[in-house]
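Undergrad: My structure is stored as work_9.csv, with CSV, C-alpha atoms and all ligand atoms.
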chain,number,residue,atom,x,y,z
G,24,MET,CA,5.5,23.9,-1.3
G,25,THR,CA,2.0,22.7,-0.4
G,26,PRO,CA,2.3,19.1,0.8
G,27,LEU,CA,0.4,16.4,-1.2
G,28,PHE,CA,-1.0,14.9,2.0
G,29,GLN,CA,-1.2,16.7,5.3
G,30,ALA,CA,-2.8,14.9,8.1
G,31,ASP,CA,-3.2,16.2,11.6
G,32,ASP,CA,-4.3,14.3,14.7
G,33,LEU,CA,-6.3,11.7,12.8
G,34,VAL,CA,-8.4,9.4,15.0
G,35,VAL,CA,-10.2,6.4,13.5
G,36,ARG,CA,-12.1,3.9,15.6
G,37,TYR,CA,-13.8,0.7,14.7
G,38,GLY,CA,-16.3,0.3,17.6
G,39,ARG,CA,-14.1,0.2,20.7
G,40,ILE,CA,-10.8,-0.4,18.8
G,41,THR,CA,-8.7,2.7,18.1
G,42,ALA,CA,-7.0,2.0,14.8
G,43,LEU,CA,-5.4,5.5,14.3
G,44,ASP,CA,-4.6,7.4,17.5
G,45,GLN,CA,-3.9,11.1,16.9
G,46,LEU,CA,-1.8,10.4,13.9
G,47,SER,CA,-0.2,13.2,11.9
G,48,LEU,CA,1.9,13.1,8.8
G,49,THR,CA,3.2,15.1,5.8
G,50,VAL,CA,3.9,13.6,2.4
G,51,HIS,CA,5.3,15.7,-0.5
G,52,LYS,CA,4.8,15.1,-4.2
G,53,GLY,CA,7.2,12.6,-5.7
G,54,GLU,CA,8.1,10.9,-2.4
G,55,ARG,CA,8.1,7.2,-1.9
G,56,ILE,CA,7.0,6.3,1.6
G,57,ALA,CA,7.0,2.9,3.3
G,58,LEU,CA,4.6,2.2,6.1
G,59,LEU,CA,6.0,-0.3,8.5
G,60,GLY,CA,4.6,-1.9,11.7
G,61,ALA,CA,3.2,-4.9,13.3
G,62,ASN,CA,-0.1,-6.6,12.3
G,63,GLY,CA,-3.0,-4.4,13.5
G,64,SER,CA,-0.8,-1.2,13.9
G,65,GLY,CA,-3.0,0.8,11.6
G,66,LYS,CA,-1.3,0.8,8.1
G,67,SER,CA,-4.2,-0.4,6.1
G,68,THR,CA,-6.5,2.0,8.0
G,69,LEU,CA,-4.3,4.9,7.1
G,70,LEU,CA,-4.3,3.9,3.4
G,71,ARG,CA,-8.1,3.8,3.5
G,72,VAL,CA,-8.2,7.2,5.0
G,73,LEU,CA,-5.7,8.6,2.4
G,74,ASP,CA,-8.0,7.1,-0.3
G,75,ALA,CA,-11.0,8.7,1.3
G,76,LEU,CA,-12.8,5.4,1.9
G,77,VAL,CA,-12.8,6.0,5.6
G,78,PHE,CA,-13.2,9.4,7.2
G,79,PRO,CA,-11.6,10.1,10.6
G,80,GLU,CA,-13.7,10.7,13.6
G,81,SER,CA,-11.5,13.7,14.5
G,82,GLY,CA,-8.5,15.4,13.0
G,83,THR,CA,-8.0,16.7,9.5
G,84,LEU,CA,-6.7,15.5,6.2
G,85,GLN,CA,-5.7,17.8,3.3
G,86,PHE,CA,-4.9,16.6,-0.2
G,87,ALA,CA,-3.0,19.1,-2.3
G,88,GLY,CA,-4.3,21.9,-0.1
G,89,ALA,CA,-8.0,20.8,-0.2
G,90,ALA,CA,-9.8,19.4,2.9
G,91,VAL,CA,-10.8,15.7,2.3
G,92,THR,CA,-14.2,15.4,4.0
G,93,ALA,CA,-17.2,13.2,3.5
G,94,ALA,CA,-19.2,16.2,2.4
G,95,ARG,CA,-16.8,16.9,-0.4
G,96,PHE,CA,-17.3,13.4,-1.8
G,97,GLU,CA,-21.0,14.0,-2.1
G,98,GLY,CA,-20.1,16.2,-5.1
G,99,ARG,CA,-19.3,14.3,-8.3
G,100,GLU,CA,-16.7,16.8,-9.5
G,101,PHE,CA,-14.4,16.5,-6.5
G,102,THR,CA,-14.9,12.7,-6.3
G,103,TYR,CA,-14.0,12.3,-10.0
G,104,ALA,CA,-10.9,14.5,-9.8
G,105,PHE,CA,-9.7,12.8,-6.6
G,106,ARG,CA,-10.3,9.2,-8.0
G,107,LYS,CA,-8.4,10.1,-11.1
G,108,ARG,CA,-5.4,11.3,-9.2
G,109,VAL,CA,-5.2,8.7,-6.4
G,110,GLY,CA,-5.4,4.8,-6.7
G,111,LEU,CA,-5.4,2.2,-3.9
G,112,VAL,CA,-4.4,-1.4,-4.3
G,113,PHE,CA,-6.0,-3.3,-1.4
G,114,GLN,CA,-4.2,-5.8,0.8
G,115,ASN,CA,-6.7,-8.4,-0.1
G,116,PRO,CA,-7.2,-8.6,-3.9
G,117,ASP,CA,-10.6,-10.4,-3.4
G,118,VAL,CA,-12.1,-7.1,-2.2
G,119,GLN,CA,-11.0,-5.4,-5.4
G,120,LEU,CA,-11.6,-7.9,-8.2
G,121,PHE,CA,-15.2,-8.4,-9.4
G,122,ASN,CA,-15.2,-8.5,-13.2
G,123,PRO,CA,-15.7,-11.6,-15.3
G,124,THR,CA,-12.3,-11.6,-17.0
G,125,VAL,CA,-8.9,-10.1,-16.3
G,126,PHE,CA,-9.2,-7.9,-19.4
G,127,ASP,CA,-12.6,-6.5,-18.2
G,128,GLU,CA,-11.0,-5.9,-14.7
G,129,LEU,CA,-8.4,-3.7,-16.3
G,130,ALA,CA,-10.8,-2.0,-18.6
G,131,PHE,CA,-13.3,-1.2,-15.8
G,132,GLY,CA,-11.7,2.0,-14.6
G,133,PRO,CA,-11.2,3.6,-18.0
G,134,LEU,CA,-14.8,2.6,-19.0
G,135,GLN,CA,-16.1,4.4,-15.9
G,136,LEU,CA,-14.1,7.4,-17.0
G,137,ARG,CA,-15.6,7.1,-20.5
G,138,TRP,CA,-12.4,6.7,-22.4
G,139,PRO,CA,-12.8,5.9,-26.1
G,140,THR,CA,-12.9,2.1,-26.8
G,141,GLY,CA,-9.8,2.0,-28.9
G,142,GLN,CA,-7.8,3.8,-26.2
G,143,ILE,CA,-9.0,1.5,-23.5
G,144,ARG,CA,-8.0,-1.6,-25.6
G,145,GLU,CA,-4.5,-0.1,-26.3
G,146,ARG,CA,-3.9,0.8,-22.6
G,147,VAL,CA,-5.1,-2.5,-21.2
G,148,GLU,CA,-2.9,-4.4,-23.7
G,149,GLU,CA,0.1,-2.2,-22.7
G,150,VAL,CA,-0.4,-2.8,-19.0
G,151,LEU,CA,-1.1,-6.6,-19.5
G,152,ALA,CA,2.3,-6.7,-21.3
G,153,THR,CA,4.3,-4.7,-18.8
G,154,MET,CA,2.8,-6.7,-15.9
G,155,HIS,CA,3.4,-10.0,-17.8
G,156,LEU,CA,-0.3,-10.9,-17.5
G,157,GLY,CA,-1.2,-11.3,-21.2
G,158,HIS,CA,-1.7,-15.1,-20.8
G,159,LEU,CA,-4.4,-14.5,-18.1
G,160,ARG,CA,-6.3,-12.0,-20.3
G,161,ASP,CA,-9.5,-14.2,-20.6
G,162,ARG,CA,-9.4,-15.9,-17.2
G,163,SER,CA,-11.8,-15.2,-14.4
G,164,PRO,CA,-9.9,-13.1,-11.7
G,165,HIS,CA,-11.6,-15.2,-9.0
G,166,GLN,CA,-10.1,-18.4,-10.3
G,167,LEU,CA,-6.5,-17.1,-10.3
G,168,SER,CA,-3.8,-18.0,-7.7
G,169,GLY,CA,-3.2,-15.5,-4.8
G,170,GLY,CA,-0.1,-14.0,-6.4
G,171,GLU,CA,-1.8,-13.7,-9.9
G,172,LYS,CA,-4.8,-12.0,-8.2
G,173,LYS,CA,-2.4,-9.6,-6.5
G,174,ARG,CA,-0.7,-8.7,-9.8
G,175,VAL,CA,-4.1,-8.2,-11.5
G,176,ALA,CA,-5.2,-5.9,-8.7
G,177,ILE,CA,-2.0,-3.8,-9.1
G,178,ALA,CA,-2.5,-3.7,-12.9
G,179,SER,CA,-6.1,-2.6,-12.6
G,180,VAL,CA,-4.9,0.5,-10.7
G,181,LEU,CA,-1.9,1.1,-12.9
G,182,VAL,CA,-4.0,1.2,-16.0
G,183,LEU,CA,-5.3,4.7,-15.0
G,184,ASP,CA,-1.8,5.9,-14.3
G,185,PRO,CA,-2.7,7.8,-11.1
G,186,GLU,CA,-0.1,10.2,-9.8
G,187,VAL,CA,-0.6,8.9,-6.3
G,188,LEU,CA,-0.4,5.1,-5.6
G,189,LEU,CA,-1.4,3.7,-2.3
G,190,LEU,CA,-0.2,0.1,-2.2
G,191,ASP,CA,-1.1,-2.2,0.7
G,192,GLU,CA,1.4,-5.1,0.9
G,193,PRO,CA,1.9,-5.2,-2.9
G,194,THR,CA,4.7,-7.9,-2.7
G,195,SER,CA,3.0,-10.3,-0.3
G,196,ALA,CA,2.2,-13.8,-1.8
G,197,LEU,CA,4.4,-13.2,-4.8
G,198,ASP,CA,6.9,-15.7,-6.1
G,199,PRO,CA,10.5,-14.4,-6.4
G,200,LYS,CA,10.2,-13.3,-10.1
G,201,SER,CA,6.9,-11.5,-9.6
G,202,HIS,CA,8.3,-10.0,-6.3
G,203,ARG,CA,11.3,-8.6,-8.2
G,204,GLN,CA,9.0,-7.2,-10.9
G,205,ILE,CA,7.0,-5.2,-8.4
G,206,VAL,CA,10.1,-4.0,-6.6
G,207,ASP,CA,11.6,-2.9,-9.9
G,208,LEU,CA,8.4,-1.0,-10.6
G,209,LEU,CA,8.6,0.7,-7.2
G,210,THR,CA,12.3,1.5,-7.8
G,211,SER,CA,11.6,2.9,-11.3
G,212,TRP,CA,9.4,5.6,-9.6
G,213,SER,CA,12.3,7.0,-7.6
G,214,GLY,CA,12.8,10.7,-8.1
G,215,GLY,CA,9.9,10.9,-10.5
G,216,GLU,CA,6.4,12.5,-10.6
G,217,LYS,CA,4.6,9.7,-8.8
G,218,THR,CA,4.0,9.7,-5.1
G,219,VAL,CA,3.9,6.2,-3.7
G,220,ILE,CA,2.9,5.1,-0.2
G,221,THR,CA,3.5,1.4,0.4
G,222,ALA,CA,2.5,-0.6,3.4
G,223,THR,CA,5.0,-3.5,3.7
G,224,HIS,CA,6.6,-6.1,5.9
G,225,ASP,CA,9.3,-6.6,3.3
G,226,LEU,CA,12.4,-5.3,4.9
G,227,GLY,CA,14.7,-6.8,2.3
G,228,ASN,CA,13.9,-4.2,-0.4
G,229,LEU,CA,13.1,-1.3,1.8
G,230,GLU,CA,16.0,0.9,0.6
G,231,GLU,CA,15.0,0.3,-3.0
G,232,ILE,CA,11.3,1.1,-2.6
G,233,SER,CA,11.3,4.0,-0.2
G,234,ASP,CA,12.8,7.5,0.4
G,235,ARG,CA,11.3,7.7,3.9
G,236,CYS,CA,9.7,5.2,6.3
G,237,PHE,CA,6.9,5.8,8.7
G,238,VAL,CA,7.1,3.2,11.6
G,239,PHE,CA,3.7,2.5,13.2
G,240,GLU,CA,3.0,1.4,16.7
G,241,LYS,CA,-0.6,1.1,18.0
G,242,GLY,CA,-2.1,3.6,15.6
G,243,LYS,CA,0.7,6.1,15.9
G,244,ILE,CA,3.7,6.9,13.8
G,245,VAL,CA,6.6,6.5,16.2
G,246,LYS,CA,9.5,7.1,13.9
G,247,VAL,CA,10.1,8.8,10.5
G,248,ALA,CA,13.4,8.0,9.0
G,249,SER,CA,15.3,6.6,6.0
G,250,ALA,CA,15.2,2.9,5.3
G,251,LEU,CA,18.9,2.6,6.4
G,252,GLU,CA,18.3,4.3,9.7
G,253,VAL,CA,15.2,2.2,10.4
G,254,LEU,CA,17.1,-1.0,9.5
G,255,HIS,CA,19.9,-0.1,11.9
G,256,ASP,CA,17.5,0.6,14.8
G,257,VAL,CA,17.2,-3.0,16.0
G,258,PRO,CA,15.6,-2.2,19.3
G,259,LEU,CA,12.8,-0.3,17.5
G,260,LEU,CA,12.4,-3.1,14.9
G,261,GLN,CA,12.1,-5.7,17.7
G,262,ARG,CA,9.6,-3.5,19.7
G,263,VAL,CA,7.3,-3.1,16.7
G,264,ASN,CA,7.6,-6.8,15.6
G,265,LEU,CA,9.5,-6.2,12.4
G,266,VAL,CA,12.2,-8.6,13.4
G,267,SER,CA,12.0,-11.3,16.0
G,268,ALA,CA,14.7,-12.9,18.1
G,269,HIS,CA,14.5,-16.7,18.0
G,270,LYS,CA,16.7,-19.4,19.4
G,271,HIS,CA,18.3,-22.0,17.2
G,272,THR,CA,20.9,-24.7,17.6
G,273,HIS,CA,23.7,-24.9,15.1
G,274,ALA,CA,24.6,-28.5,14.3
G,275,PRO,CA,23.2,-31.6,15.9
G,276,GLY,CA,25.2,-32.4,18.9
G,277,GLN,CA,26.7,-28.9,19.2
G,278,ALA,CA,26.2,-27.3,22.5
G,279,GLY,CA,25.0,-23.8,23.1
G,280,ALA,CA,21.8,-22.7,21.4
G,281,HIS,CA,22.1,-18.9,21.0
G,282,SER,CA,19.8,-16.0,20.4
G,283,HIS,CA,20.0,-14.9,16.8
G,284,LEU,CA,18.3,-11.9,15.2
G,285,HIS,CA,16.2,-12.9,12.3
G,286,GLY,CA,14.3,-10.6,9.8
G,287,SER,CA,10.7,-11.7,9.6
Z,301,LIG,N1,-13.3,-3.4,9.5
Z,301,LIG,C1,-12.8,-3.5,10.7
Z,301,LIG,N2,-13.6,-3.6,11.8
Z,301,LIG,C2,-13.1,-3.6,13.0
Z,301,LIG,N3,-11.8,-3.5,13.4
Z,301,LIG,C3,-11.0,-3.3,12.3
Z,301,LIG,C4,-11.4,-3.3,11.0
Z,301,LIG,N4,-10.3,-3.1,10.2
Z,301,LIG,C5,-9.3,-3.1,11.0
Z,301,LIG,N5,-9.6,-3.2,12.3
Z,301,LIG,C6,-8.8,-3.1,13.5
Z,301,LIG,O1,-8.1,-1.9,13.5
Z,301,LIG,C7,-6.7,-2.1,13.9
Z,301,LIG,C8,-5.8,-1.6,12.7
Z,301,LIG,O2,-6.0,-2.5,11.6
Z,301,LIG,P1,-5.2,-2.3,10.2
Z,301,LIG,O3,-5.9,-3.3,9.3
Z,301,LIG,O4,-5.2,-0.9,9.9
Z,301,LIG,O5,-3.7,-2.8,10.6
Z,301,LIG,P2,-2.5,-3.1,9.7
Z,301,LIG,O6,-1.3,-2.4,10.2
Z,301,LIG,O7,-2.8,-2.9,8.3
Z,301,LIG,O8,-2.2,-4.7,10.0
Z,301,LIG,P3,-1.6,-5.9,9.0
Z,301,LIG,O9,-0.1,-5.7,9.0
Z,301,LIG,O10,-2.1,-7.1,9.7
Z,301,LIG,O11,-2.2,-5.7,7.6
Z,301,LIG,C9,-6.6,-3.5,14.3
Z,301,LIG,O12,-6.7,-3.6,15.6
Z,301,LIG,C10,-7.7,-4.2,13.5
Z,301,LIG,O13,-8.1,-5.3,14.3
Z,302,MG,MG,-2.9,-4.1,6.6
For this file, produce the structure as structure tokens.
Ligand SMILES: Nc1ncnc2c1ncn2[C@@H]1O[C@H](COP(=O)(O)OP(=O)(O)OP(=O)(O)O)[C@@H](O)[C@H]1O
Ligand SMILES: [Mg+2]

TA:
Amino acid sequence: MTPLFQADDLVVRYGRITALDQLSLTVHKGERIALLGANGSGKSTLLRVLDALVFPESGTLQFAGAAVTAARFEGREFTYAFRKRVGLVFQNPDVQLFNPTVFDELAFGPLQLRWPTGQIRERVEEVLATMHLGHLRDRSPHQLSGGEKKRVAIASVLVLDPEVLLLDEPTSALDPKSHRQIVDLLTSWSGGEKTVITATHDLGNLEEISDRCFVFEKGKIVKVASALEVLHDVPLLQRVNLVSAHKHTHAPGQAGAHSHLHGS
């Protein structure tokens, strides 16, 4: 079966910083992949490459068997077909939100694709309801709280129902109820048609949201394994800053502070 994404030896540099260093990966249709790694290890850069917002300096990327190159995106047909199939939710929602109201934000993608007005209204209302965002319909996205912005950014991508979702830290800044809602959404895509690639620091729900994990270290994928296997590899987790060892003292007056592993 042709992989959905096949990347070989990708190199991306920002000036003198190497963000992706000869990175290769294969993702098949219907997989849910978690990208794990320390700050600055290259997760967001990879998502930007997979969304064809950044093109590698060397190496190749194929999407469903077709080479993803800057030249291809000069053609409207390829761009249109790709954008319809792949959606990215940015780590920072401020980069993504620019419409006057939440409703307009969700309607923007369908409007670009020239959906009929009635269908847009129906779909936007449907996504506002499933994402519990109906009460924010007429608010300005820029005046929302961090977590509300995050959920609007996710909703604005879900509205087009892309078959590939690239999610950059979708649960960061969310309160417990909103957090659970997003985890449930990711869980509901298990074994389905959707391919979901999620960058996350959230180890608590890793098993629910992923079938395979790619662990990043300095622009490379250093381990590909199930959530369970990754969670049991404590030396690896420590090395790539996914857990930290800290010292704490039990009760006041008690002797013997001890080292204690702590998920961060
Ligand atoms: N626009 C940019 N200009 C210059 N350097 C950048 C830019 N974006 C990212 N970098 C650098 O590239 C490297 C990879 O960054 P990236 O954002 O991909 O990491 P990340 O794994 O997503 O980190 P985080 O967990 O903090 O989101 C880092 O060294 C970062 O400083
Ligand atoms: Mg990032």

Undergrad: How far is it from atom CA of G:Lys107 to atom CA of G:Gly88, in Å with one decimal?

TA: 16.6 Å

Undergrad: For ligand LIG 301 (chain Z), list the contacting residues at 8 Å or closer, counting all atoms listed in the file, as a ChimeraX atom specification.

TA: /G:36-38,40-43,59-69,114,191-192,222-224,239,241-242

Undergrad: Can you find the residues with an atom no farther than 6 Å from (-8.9, 14.8, 16.0), counting all atoms listed in the file, and report them as number ranges by chain?

TA: G: 32-34, 81-82

Undergrad: G:Ala93: which residues within 10 Å, counting all atoms listed in the file, same-chain residues fewer than 3 positions away excluded, as number ranges by chain?

TA: G: 75-79, 90, 96-98

Undergrad: Using C-alpha atoms, can you write the selected residues to a file as a tab-separated table (two decimals), in the frame of the given file?

TA:
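Output file again-v2.tsv is given in full below:
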chain	number	residue	atom	x	y	z
G	75	ALA	CA	-11.00	8.70	1.30
G	76	LEU	CA	-12.80	5.40	1.90
G	77	VAL	CA	-12.80	6.00	5.60
G	78	PHE	CA	-13.20	9.40	7.20
G	79	PRO	CA	-11.60	10.10	10.60
G	90	ALA	CA	-9.80	19.40	2.90
G	96	PHE	CA	-17.30	13.40	-1.80
G	97	GLU	CA	-21.00	14.00	-2.10
G	98	GLY	CA	-20.10	16.20	-5.10

Undergrad: So what do you get for atom CA of G:Leu134 versus atom CA of G:Leu189, distance-wise?

TA: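 That distance, rounded to one decimal, is 21.4 Å.
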
Undergrad: Between atom CA of G:Leu167 and atom CA of G:Pro185, measure the distance and give it in Å to one decimal.

TA: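 Between atom CA of G:Leu167 and atom CA of G:Pro185 the gap is 25.2 Å.
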
Undergrad: Hey, which of G:Val112, G:Leu259, G:Tyr103, G:Ala94 ends up closest to ligand MG 302 (chain Z)? Count all atoms listed in the file.

TA: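 Closest residue, counting all atoms listed in the file: G:Val112.
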
Undergrad: Between G:Asp31, G:Asp234, G:Glu148, G:Asp207, which one has atoms that come closest to G:Arg160, using all atoms listed in the file?

TA: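 Of G:Asp31, G:Asp234, G:Glu148, G:Asp207, the one nearest G:Arg160, counting all atoms listed in the file, is G:Glu148.
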
Undergrad: Can you pull out every residue within 10 Å of G:Trp212, counting all atoms listed in the file, but drop anything in the same chain fewer than 6 positions away, and send it as a list of chain:residue names?

TA: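 Here the qualifying residues turn out to be G:Gly53, G:Glu54, G:Arg55, G:Thr218, G:Val219, G:Ile232, G:Ser233.
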
Undergrad: Considering only C-alpha atoms and all ligand atoms, can you say which of G:Glu80, G:Phe113, G:Thr124, G:Ile220 comes closest to ligand MG 302 (chain Z)?

TA: G:Phe113

Undergrad: Tell me which protein, DNA and RNA residues are within 12 Å of G:Leu251, counting only C-alpha atoms, leaving out same-chain ones fewer than 4 positions away, and put them as a PDB file with C-alpha atoms, in the coordinates of the input.

TA:
ATOM      1  CA  LEU G 226      12.400  -5.300   4.900  1.00  0.00           C
ATOM      2  CA  GLY G 227      14.700  -6.800   2.300  1.00  0.00           C
ATOM      3  CA  ASN G 228      13.900  -4.200  -0.400  1.00  0.00           C
ATOM      4  CA  LEU G 229      13.100  -1.300   1.800  1.00  0.00           C
ATOM      5  CA  GLU G 230      16.000   0.900   0.600  1.00  0.00           C
ATOM      6  CA  GLU G 231      15.000   0.300  -3.000  1.00  0.00           C
ATOM      7  CA  ILE G 232      11.300   1.100  -2.600  1.00  0.00           C
ATOM      8  CA  SER G 233      11.300   4.000  -0.200  1.00  0.00           C
ATOM      9  CA  ASP G 234      12.800   7.500   0.400  1.00  0.00           C
ATOM     10  CA  ARG G 235      11.300   7.700   3.900  1.00  0.00           C
ATOM     11  CA  CYS G 236       9.700   5.200   6.300  1.00  0.00           C
ATOM     12  CA  VAL G 247      10.100   8.800  10.500  1.00  0.00           C
ATOM     13  CA  HIS G 255      19.900  -0.100  11.900  1.00  0.00           C
ATOM     14  CA  ASP G 256      17.500   0.600  14.800  1.00  0.00           C
ATOM     15  CA  VAL G 257      17.200  -3.000  16.000  1.00  0.00           C
TER      16      VAL G 257
END

Undergrad: So for stretch 250-269 of chain G, what box centre and size do we get, axis-aligned, 6 Å extra on each of the six sides, every listed atom, Å to one decimal, as AutoDock Vina command-line options?

TA:
--center_x 13.6 --center_y -6.2 --center_z 12.5 --size_x 24.6 --size_y 33.0 --size_z 26.4

Undergrad: Could you give me, as a list in words, the residues within 8 Å of G:Gly170, counting all atoms listed in the file and dropping anything in the same chain fewer than 4 positions from it?

TA: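 Neighbouring residues, sequence-local ones excluded: Arg174, Ser195, Ala196, Leu197 and Asp198 of chain G.
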
Undergrad: Between G:Gln261, G:Ser211, G:Thr140, G:Thr221, single out the one closest to ligand MG 302 (chain Z), counting only C-alpha atoms and all ligand atoms.

TA: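 Among the listed residues, G:Thr221 lies closest to ligand MG 302 (chain Z).
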
Undergrad: Tell me which of G:Ile56, G:Val125, G:Met154, G:Leu120 sits closest to G:Gln204, counting all atoms listed in the file.

TA: G:Met154

Undergrad: Neighbouring residues of G:Phe237 were defined as those with any atom within 7 Å, considering only C-alpha atoms; residues of the same chain fewer than 3 positions away were excluded. Please report them as a PyMOL selection string.

TA: chain G and resi 57-59+244+246-248
